[in-house]
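Please read the structure below before turning to the comments.
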Amino acid sequence: MDFLWYDEAIWNKDGDDEMVLNFAHRGSLTEAPENTIPAFQKALERGTKAIELDVQLTKDKQLVVCHDHKLTRFNKSSTTLIKDYTLEEIKQIDISGSFKDKYSGTTLPTLDEVLAICPKSILLNIEIKNIPVIYEGIERLLLDKLEEYNRLDQIIISSFDHVALKNVQDLNPSIPLGLLFHYRILQTWNYAENSDLNVYSIHPNHVYVDQEFVTKCKGKGYKVFPYTVNQKERYEELVEYGVDGVFSNNPDIFV
Ligand code: G3P
Ligand code: CA
């Protein structure tokens, strides 16, 4: 597969196979509440070229950016599922969590808010956060939103829910798809090839990625972006294997 957007807009060079492009995972989450506007701003200020974020839907079908299906980790008094809050209700909830001294009052951002602050030159990996909640219809709402912001380039849509990725493909076959894998499965590269998906990249949990894994995936023509790689030594090992980039919480890696 040949994505000119990738080489020209981000890497702007020949021989991209030698290049590594790292994603700020949920923004710069060691510096501000994860997946919030301050976290994305911090990542941008540091000069990241790529950002990963998670999307879900509120009760009134608004796209919001959050990893967990509940906000309890950030605000103990909030125990309701995101899918059962309206956007107006969810915007009342402070999710500054452990950053409350500096970022008190921070709320869950809508995808609109994030798209509005991310320059088009930034590669966005938007993860559809299905399972255990499955957001029926999120694929169309997401693609419509990206179209509204003229943001169908410089994008990878990923998910652990590969059926959601098939739904994305059925709606728009030209979107680069990232197959996420938490557990090790047999011959991931063959699974990807047989999946009936236009897989652009494989996004494995980094703990089981080795030389064979990278070689086999790349041999099938897939980019490999392991998550979540925070230790410099492990990062360097993965780069030696030939990964195309990683998702990282560590600014020393994602910049
Ligand atoms: O997309 C990479 C990574 O974010 C997947 O795992 O649980 O952090 O969303 P998780
Ligand atoms: Ca994610």
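Simple scheme: letters A, B, ... for chains in structure tokens order, numbers from 1 for residues in each chain, numbers from 1 for ligands in the order shown.
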
Within-6 Å residues of ligand 2, basis only C-alpha atoms and all ligand atoms, as a JSON list (two decimals) with C-alpha atoms, in the first residue's frame:
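Ended up saving to out-v6.json:
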[["chain", "number", "residue", "atom", "x", "y", "z"],
["A", 53, "LEU", "CA", -6.40, 9.38, 21.21],
["A", 54, "ASP", "CA", -9.45, 7.28, 22.07],
["A", 127, "GLU", "CA", -8.80, 4.55, 18.35]]

So which residues are near ligand 1, meaning at most 8 Å away with only C-alpha atoms and all ligand atoms counted, given back as an NGL selection string?
:A and (25-26 or 52-54 or 67 or 125-127 or 129 or 158-160 or 180 or 182 or 203 or 205 or 226-228 or 247)

Could you find all residues in segment 108-180 of chain A that DSSP calls helix (DSSP H, G or I) from the backbone, and write them as JSON, numbers by chain?
{"A": [111, 112, 113, 114, 115, 116, 117, 138, 139, 140, 141, 142, 143, 144, 145, 146, 147, 148, 162, 163, 164, 165, 166, 167, 168, 169, 170, 171]}

I need the residues from that last selection saved to file as a PDB file, in the first residue's frame (with N, CA and C atoms), if you can.
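File produced: out_3.pdb:
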ATOM      1  N   LEU A 111     -14.400  15.418  20.354  1.00  0.00           N
ATOM      2  CA  LEU A 111     -13.456  15.252  19.244  1.00  0.00           C
ATOM      3  C   LEU A 111     -13.330  16.571  18.479  1.00  0.00           C
ATOM      4  N   ASP A 112     -14.414  17.331  18.388  1.00  0.00           N
ATOM      5  CA  ASP A 112     -14.343  18.649  17.730  1.00  0.00           C
ATOM      6  C   ASP A 112     -13.249  19.514  18.363  1.00  0.00           C
ATOM      7  N   GLU A 113     -13.254  19.549  19.676  1.00  0.00           N
ATOM      8  CA  GLU A 113     -12.275  20.400  20.371  1.00  0.00           C
ATOM      9  C   GLU A 113     -10.852  19.964  20.073  1.00  0.00           C
ATOM     10  N   VAL A 114     -10.637  18.672  19.986  1.00  0.00           N
ATOM     11  CA  VAL A 114      -9.282  18.178  19.714  1.00  0.00           C
ATOM     12  C   VAL A 114      -8.889  18.471  18.268  1.00  0.00           C
ATOM     13  N   LEU A 115      -9.805  18.208  17.347  1.00  0.00           N
ATOM     14  CA  LEU A 115      -9.489  18.472  15.934  1.00  0.00           C
ATOM     15  C   LEU A 115      -9.196  19.954  15.728  1.00  0.00           C
ATOM     16  N   ALA A 116      -9.869  20.804  16.485  1.00  0.00           N
ATOM     17  CA  ALA A 116      -9.689  22.252  16.321  1.00  0.00           C
ATOM     18  C   ALA A 116      -8.288  22.703  16.731  1.00  0.00           C
ATOM     19  N   ILE A 117      -7.634  21.983  17.640  1.00  0.00           N
ATOM     20  CA  ILE A 117      -6.295  22.449  18.070  1.00  0.00           C
ATOM     21  C   ILE A 117      -5.148  21.673  17.429  1.00  0.00           C
ATOM     22  N   ILE A 138     -20.847   4.402  15.660  1.00  0.00           N
ATOM     23  CA  ILE A 138     -19.748   5.354  15.911  1.00  0.00           C
ATOM     24  C   ILE A 138     -18.896   5.554  14.655  1.00  0.00           C
ATOM     25  N   GLU A 139     -18.819   4.521  13.830  1.00  0.00           N
ATOM     26  CA  GLU A 139     -17.946   4.612  12.649  1.00  0.00           C
ATOM     27  C   GLU A 139     -18.410   5.734  11.716  1.00  0.00           C
ATOM     28  N   ARG A 140     -19.718   5.770  11.455  1.00  0.00           N
ATOM     29  CA  ARG A 140     -20.213   6.820  10.550  1.00  0.00           C
ATOM     30  C   ARG A 140     -20.070   8.195  11.190  1.00  0.00           C
ATOM     31  N   LEU A 141     -20.390   8.294  12.461  1.00  0.00           N
ATOM     32  CA  LEU A 141     -20.277   9.593  13.131  1.00  0.00           C
ATOM     33  C   LEU A 141     -18.831  10.087  13.103  1.00  0.00           C
ATOM     34  N   LEU A 142     -17.899   9.161  13.286  1.00  0.00           N
ATOM     35  CA  LEU A 142     -16.477   9.539  13.271  1.00  0.00           C
ATOM     36  C   LEU A 142     -16.058  10.018  11.882  1.00  0.00           C
ATOM     37  N   LEU A 143     -16.414   9.256  10.869  1.00  0.00           N
ATOM     38  CA  LEU A 143     -16.014   9.646   9.510  1.00  0.00           C
ATOM     39  C   LEU A 143     -16.667  10.969   9.107  1.00  0.00           C
ATOM     40  N   ASP A 144     -17.923  11.158   9.489  1.00  0.00           N
ATOM     41  CA  ASP A 144     -18.587  12.430   9.184  1.00  0.00           C
ATOM     42  C   ASP A 144     -17.868  13.595   9.856  1.00  0.00           C
ATOM     43  N   LYS A 145     -17.448  13.361  11.095  1.00  0.00           N
ATOM     44  CA  LYS A 145     -16.749  14.433  11.829  1.00  0.00           C
ATOM     45  C   LYS A 145     -15.416  14.754  11.170  1.00  0.00           C
ATOM     46  N   LEU A 146     -14.697  13.715  10.756  1.00  0.00           N
ATOM     47  CA  LEU A 146     -13.400  13.945  10.117  1.00  0.00           C
ATOM     48  C   LEU A 146     -13.572  14.677   8.787  1.00  0.00           C
ATOM     49  N   GLU A 147     -14.633  14.335   8.088  1.00  0.00           N
ATOM     50  CA  GLU A 147     -14.898  15.016   6.822  1.00  0.00           C
ATOM     51  C   GLU A 147     -15.234  16.491   7.076  1.00  0.00           C
ATOM     52  N   GLU A 148     -16.043  16.722   8.097  1.00  0.00           N
ATOM     53  CA  GLU A 148     -16.418  18.108   8.448  1.00  0.00           C
ATOM     54  C   GLU A 148     -15.170  18.953   8.707  1.00  0.00           C
ATOM     55  N   HIS A 162     -12.162  -5.388  15.620  1.00  0.00           N
ATOM     56  CA  HIS A 162     -11.879  -5.424  14.188  1.00  0.00           C
ATOM     57  C   HIS A 162     -13.147  -5.360  13.350  1.00  0.00           C
ATOM     58  N   VAL A 163     -14.269  -5.673  13.966  1.00  0.00           N
ATOM     59  CA  VAL A 163     -15.547  -5.496  13.255  1.00  0.00           C
ATOM     60  C   VAL A 163     -15.810  -3.998  13.042  1.00  0.00           C
ATOM     61  N   ALA A 164     -15.468  -3.203  14.027  1.00  0.00           N
ATOM     62  CA  ALA A 164     -15.617  -1.741  13.857  1.00  0.00           C
ATOM     63  C   ALA A 164     -14.754  -1.259  12.698  1.00  0.00           C
ATOM     64  N   LEU A 165     -13.560  -1.833  12.568  1.00  0.00           N
ATOM     65  CA  LEU A 165     -12.691  -1.429  11.455  1.00  0.00           C
ATOM     66  C   LEU A 165     -13.287  -1.839  10.114  1.00  0.00           C
ATOM     67  N   LYS A 166     -13.940  -2.986  10.097  1.00  0.00           N
ATOM     68  CA  LYS A 166     -14.621  -3.413   8.856  1.00  0.00           C
ATOM     69  C   LYS A 166     -15.736  -2.418   8.533  1.00  0.00           C
ATOM     70  N   ASN A 167     -16.440  -1.961   9.551  1.00  0.00           N
ATOM     71  CA  ASN A 167     -17.502  -0.976   9.321  1.00  0.00           C
ATOM     72  C   ASN A 167     -16.926   0.322   8.753  1.00  0.00           C
ATOM     73  N   VAL A 168     -15.763   0.726   9.274  1.00  0.00           N
ATOM     74  CA  VAL A 168     -15.102   1.931   8.743  1.00  0.00           C
ATOM     75  C   VAL A 168     -14.757   1.713   7.273  1.00  0.00           C
ATOM     76  N   GLN A 169     -14.189   0.552   6.993  1.00  0.00           N
ATOM     77  CA  GLN A 169     -13.781   0.258   5.612  1.00  0.00           C
ATOM     78  C   GLN A 169     -14.976   0.251   4.663  1.00  0.00           C
ATOM     79  N   ASP A 170     -16.083  -0.299   5.124  1.00  0.00           N
ATOM     80  CA  ASP A 170     -17.276  -0.340   4.264  1.00  0.00           C
ATOM     81  C   ASP A 170     -17.773   1.068   3.955  1.00  0.00           C
ATOM     82  N   LEU A 171     -17.578   1.983   4.899  1.00  0.00           N
ATOM     83  CA  LEU A 171     -18.024   3.355   4.689  1.00  0.00           C
ATOM     84  C   LEU A 171     -17.032   4.159   3.851  1.00  0.00           C
TER      85      LEU A 171
END

Env of Pro119 of chain A: 10 Å cut, atoms = only C-alpha atoms, seq-sep filter 6 positions within chain, self excluded. Answer as an MDAnalysis selection string.
chainID A and resid 44 49 151

Which is closer to Ile95 of chain A than all the others in A:Leu186, A:Ile37, A:Ile134, A:Ala43, using only C-alpha atoms?
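For Ile95 of chain A, the nearest of the candidates is A:Ile37.
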
If you count only C-alpha atoms, which residues fall within 12 Å of Tyr135 of chain A, apart from same-chain ones fewer than 6 positions away, as a count of residues only?
22
